[in-house]
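The structure appears right after this line, and notes come after that.
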Amino acid sequence: MGTEAARIPSSRGTATEQRLIAAAERLFAEHGVGAMSLRTVMQAARTNVAAIHYHFGSKEGLLDAVLRSRLGQVAVERTAVLGEVPENGVTARELARAFVQPVAAVLESGGECWIRLVGRLLATGGDGLDAVAESFFERNAAFVDLLDRLSPGVPRRTLDFRLSQAMTVTLNVLGDVGRTRRLHGPDAADWTTGEIVEDLVDVVTSVLAGPPGPDA
């Protein structure tokens, strides 16, 4: 990605707020939150540090606004996908698609940097992760209930672990689709984003389903 201002995510707020969120989203994803000064964000957003303090209070407030700018989109997309899943006889693949598709929708709307940022925070345990975790578990109760129905008798900690691993692989893959292609060499040069998403759904299906039963 170049150094130009990132595509402004659709969110409420003034034009200045949106420019700051878009610039911070890109810079935090590319370089890490700790490495980025407010002055650098300000320059990328073509505003001043006073505007950051006025609109967000602090760097932490700006990061929180960046994370929340797309969490609602993920929740709405996931609710819509889950609405098409039958309550009885849910399959691991249906849940996997409900998990992956909302993140793919964020990617399609220009949110690759946001996905990469959340993945970075998840990997490092950085500041701001609480906002993601809070939203994830609060807004995905229906998803967790369906996962519990899919795997009766499996301890909740195991289901939470599978869910966190599904999140990690999804963010890693969709947070940098170009890197995903490069990791697989020349044969992956024409690997489309849609095909990557389908292959990712296969992987997440395996993660959520867990090991096959003794009769498999």
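Residues in the structure tokens are named by chain (A, B, ... in the order shown) and by number from 1 within that chain; ligands are numbered from 1 in the order shown.
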Any idea what's packed within 12 Å of Ala24 of chain A, counting only C-alpha atoms, ignoring anything in its chain fewer than 3 positions away? Could you give it as a compact mmCIF listing (two decimals) with N, CA and C atoms, in the first residue's frame?
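As a result, selection-v5.txt now contains:
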```txt
# COMPACT_ATOMS: atom_id res chain seq x y z
N ALA A 5 -3.69 8.74 1.85
CA ALA A 5 -4.69 8.48 2.88
C ALA A 5 -5.51 7.27 2.50
N ALA A 6 -5.81 6.42 3.49
CA ALA A 6 -6.57 5.20 3.23
C ALA A 6 -8.00 5.56 2.91
N ARG A 7 -8.71 4.62 2.30
CA ARG A 7 -10.12 4.82 2.04
C ARG A 7 -10.85 5.03 3.36
N ILE A 8 -11.67 6.04 3.41
CA ILE A 8 -12.35 6.38 4.65
C ILE A 8 -13.47 5.39 4.91
N PRO A 9 -13.45 4.70 6.06
CA PRO A 9 -14.51 3.76 6.37
C PRO A 9 -15.82 4.48 6.61
N GLU A 17 -13.07 13.64 11.75
CA GLU A 17 -13.02 12.38 12.50
C GLU A 17 -12.78 11.20 11.55
N GLN A 18 -13.49 11.17 10.45
CA GLN A 18 -13.37 10.06 9.51
C GLN A 18 -11.98 10.01 8.88
N ARG A 19 -11.41 11.19 8.57
CA ARG A 19 -10.05 11.21 8.01
C ARG A 19 -9.05 10.69 9.03
N LEU A 20 -9.21 11.07 10.28
CA LEU A 20 -8.30 10.60 11.33
C LEU A 20 -8.43 9.10 11.54
N ILE A 21 -9.65 8.60 11.54
CA ILE A 21 -9.86 7.16 11.72
C ILE A 21 -9.25 6.39 10.55
N LEU A 27 -2.11 3.34 9.30
CA LEU A 27 -0.80 3.45 9.93
C LEU A 27 -0.63 2.47 11.09
N PHE A 28 -1.66 2.30 11.91
CA PHE A 28 -1.58 1.34 13.01
C PHE A 28 -1.42 -0.08 12.47
N ALA A 29 -2.10 -0.39 11.36
CA ALA A 29 -2.02 -1.73 10.79
C ALA A 29 -0.64 -2.00 10.20
N GLU A 30 -0.09 -1.00 9.52
CA GLU A 30 1.19 -1.19 8.83
C GLU A 30 2.38 -1.18 9.77
N HIS A 31 2.33 -0.34 10.82
CA HIS A 31 3.52 -0.12 11.64
C HIS A 31 3.35 -0.48 13.11
N GLY A 32 2.14 -0.74 13.54
CA GLY A 32 1.89 -1.00 14.95
C GLY A 32 1.47 0.27 15.66
N VAL A 33 0.64 0.11 16.67
CA VAL A 33 0.12 1.28 17.38
C VAL A 33 1.24 2.01 18.11
N GLY A 34 2.11 1.27 18.77
CA GLY A 34 3.18 1.88 19.55
C GLY A 34 4.17 2.67 18.72
N ALA A 35 4.35 2.28 17.48
CA ALA A 35 5.35 2.93 16.63
C ALA A 35 4.85 4.22 16.00
N MET A 36 3.56 4.46 16.08
CA MET A 36 2.97 5.62 15.41
C MET A 36 2.70 6.75 16.39
N SER A 37 3.21 7.92 16.08
CA SER A 37 2.93 9.10 16.89
C SER A 37 1.65 9.76 16.40
N LEU A 38 1.02 10.54 17.27
CA LEU A 38 -0.17 11.27 16.87
C LEU A 38 0.16 12.28 15.78
N ARG A 39 1.38 12.81 15.80
CA ARG A 39 1.77 13.77 14.78
C ARG A 39 1.78 13.11 13.40
N THR A 40 2.26 11.87 13.32
CA THR A 40 2.28 11.16 12.05
C THR A 40 0.86 10.93 11.54
N VAL A 41 -0.03 10.53 12.45
CA VAL A 41 -1.44 10.33 12.07
C VAL A 41 -2.05 11.65 11.61
N MET A 42 -1.74 12.71 12.34
CA MET A 42 -2.26 14.02 11.99
C MET A 42 -1.82 14.44 10.59
N GLN A 43 -0.55 14.23 10.27
CA GLN A 43 -0.04 14.61 8.96
C GLN A 43 -0.72 13.81 7.85
N ALA A 44 -0.92 12.51 8.09
CA ALA A 44 -1.57 11.67 7.08
C ALA A 44 -3.03 12.08 6.87
N ALA A 45 -3.67 12.56 7.94
CA ALA A 45 -5.08 12.94 7.86
C ALA A 45 -5.26 14.41 7.46
N ARG A 46 -4.15 15.12 7.29
CA ARG A 46 -4.18 16.53 6.91
C ARG A 46 -4.95 17.37 7.93
N ILE A 52 -7.14 15.62 17.11
CA ILE A 52 -7.17 14.27 17.68
C ILE A 52 -7.64 14.34 19.14
N PHE A 56 -11.10 12.64 20.06
CA PHE A 56 -10.91 11.30 20.64
C PHE A 56 -10.29 11.31 22.03
N LYS A 59 -4.57 9.01 22.20
CA LYS A 59 -4.24 7.97 21.23
C LYS A 59 -5.08 6.72 21.47
N GLU A 60 -5.28 6.39 22.74
CA GLU A 60 -6.09 5.22 23.08
C GLU A 60 -7.54 5.42 22.61
N GLY A 61 -8.03 6.64 22.76
CA GLY A 61 -9.38 6.92 22.29
C GLY A 61 -9.50 6.82 20.79
N LEU A 62 -8.45 7.24 20.08
CA LEU A 62 -8.43 7.13 18.62
C LEU A 62 -8.41 5.67 18.21
N LEU A 63 -7.59 4.86 18.86
CA LEU A 63 -7.53 3.43 18.54
C LEU A 63 -8.89 2.78 18.78
N ASP A 64 -9.54 3.11 19.88
CA ASP A 64 -10.85 2.55 20.18
C ASP A 64 -11.85 2.91 19.08
N ALA A 65 -11.79 4.16 18.61
CA ALA A 65 -12.70 4.59 17.54
C ALA A 65 -12.42 3.84 16.24
N VAL A 66 -11.14 3.59 15.96
CA VAL A 66 -10.77 2.83 14.76
C VAL A 66 -11.36 1.43 14.83
N LEU A 67 -11.19 0.78 15.96
CA LEU A 67 -11.67 -0.59 16.10
C LEU A 67 -13.19 -0.67 16.01
N SER A 69 -15.13 1.30 14.49
CA SER A 69 -15.66 1.82 13.23
C SER A 69 -16.18 0.71 12.32
N CYS A 113 -6.86 -3.08 6.01
CA CYS A 113 -6.00 -2.58 7.09
C CYS A 113 -6.64 -2.80 8.45
N TRP A 114 -7.96 -2.63 8.53
CA TRP A 114 -8.65 -2.86 9.80
C TRP A 114 -8.50 -4.32 10.22
N LEU A 117 -5.01 -4.88 11.43
CA LEU A 117 -4.81 -4.27 12.75
C LEU A 117 -5.38 -5.15 13.85
```
Can you build me a table of segment 14-95 of chain A residues sitting at most 10 Å from segment 149-173 of chain A, with the closest atom pair per residue and its distance in Å to one decimal, using only C-alpha atoms, sorted by chain and residue number, as a tab-separated table?
```
residue	atom	partner	partner_atom	distance
A:Glu87	CA	A:Arg149	CA	9.1
A:Asn88	CA	A:Arg149	CA	8.8
A:Gly89	CA	A:Leu150	CA	8.0
A:Val90	CA	A:Leu150	CA	6.6
A:Thr91	CA	A:Leu150	CA	6.9
A:Ala92	CA	A:Leu150	CA	7.1
A:Leu95	CA	A:Leu150	CA	9.2
```
Restricting the output to C-alpha atoms, write the selected residues as an mmCIF file, in the first residue's frame.
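Final output, saved to selection.cif:
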```
data_model
loop_
_atom_site.group_PDB
_atom_site.id
_atom_site.type_symbol
_atom_site.label_atom_id
_atom_site.label_comp_id
_atom_site.auth_asym_id
_atom_site.auth_seq_id
_atom_site.Cartn_x
_atom_site.Cartn_y
_atom_site.Cartn_z
ATOM 1 C CA GLU A 87 -31.625 -23.768 14.034
ATOM 2 C CA ASN A 88 -31.895 -27.544 13.805
ATOM 3 C CA GLY A 89 -29.206 -29.533 12.054
ATOM 4 C CA VAL A 90 -26.644 -26.723 11.820
ATOM 5 C CA THR A 91 -23.383 -27.817 10.205
ATOM 6 C CA ALA A 92 -19.805 -26.789 10.903
ATOM 7 C CA LEU A 95 -21.030 -21.792 10.972
#
```
> Which residue, A:Ala51, A:Ala80, A:Leu71, A:Ala96, has the smallest gap to Val201 of chain A when you use only C-alpha atoms?
Replying inline: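 Nearest candidate to Val201 of chain A out of A:Ala51, A:Ala80, A:Leu71, A:Ala96: A:Ala96.
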>> For a quick check of understanding, using only C-alpha atoms, which of A:His184, A:Arg179, A:Arg93, A:Arg120 has the smallest distance to Ser206 of chain A?
In response: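 The shortest atom-to-atom distance to Ser206 of chain A comes from A:Arg93.
Minimum atom-to-atom distances from A:Val177, A:Val85, A:Ala15, A:Ala142 to Leu200 of chain A were compared using only C-alpha atoms, and the lowest value belongs to A:Val177.
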> Expressed in Å to a single decimal, how great is the separation between atom CA of Val100 of chain A and atom CA of Arg181 of chain A?
Replying inline: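 Spanning atom CA of Val100 of chain A to atom CA of Arg181 of chain A is a straight-line distance of 18.0 Å.
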> Quick one: residues within 12 Å of Arg78 of chain A, only C-alpha atoms counted, chain neighbours fewer than 3 positions away excluded, as an MDAnalysis selection string?
Replying inline: chainID A and resid 71:75 81:85 94:106 136 139:144
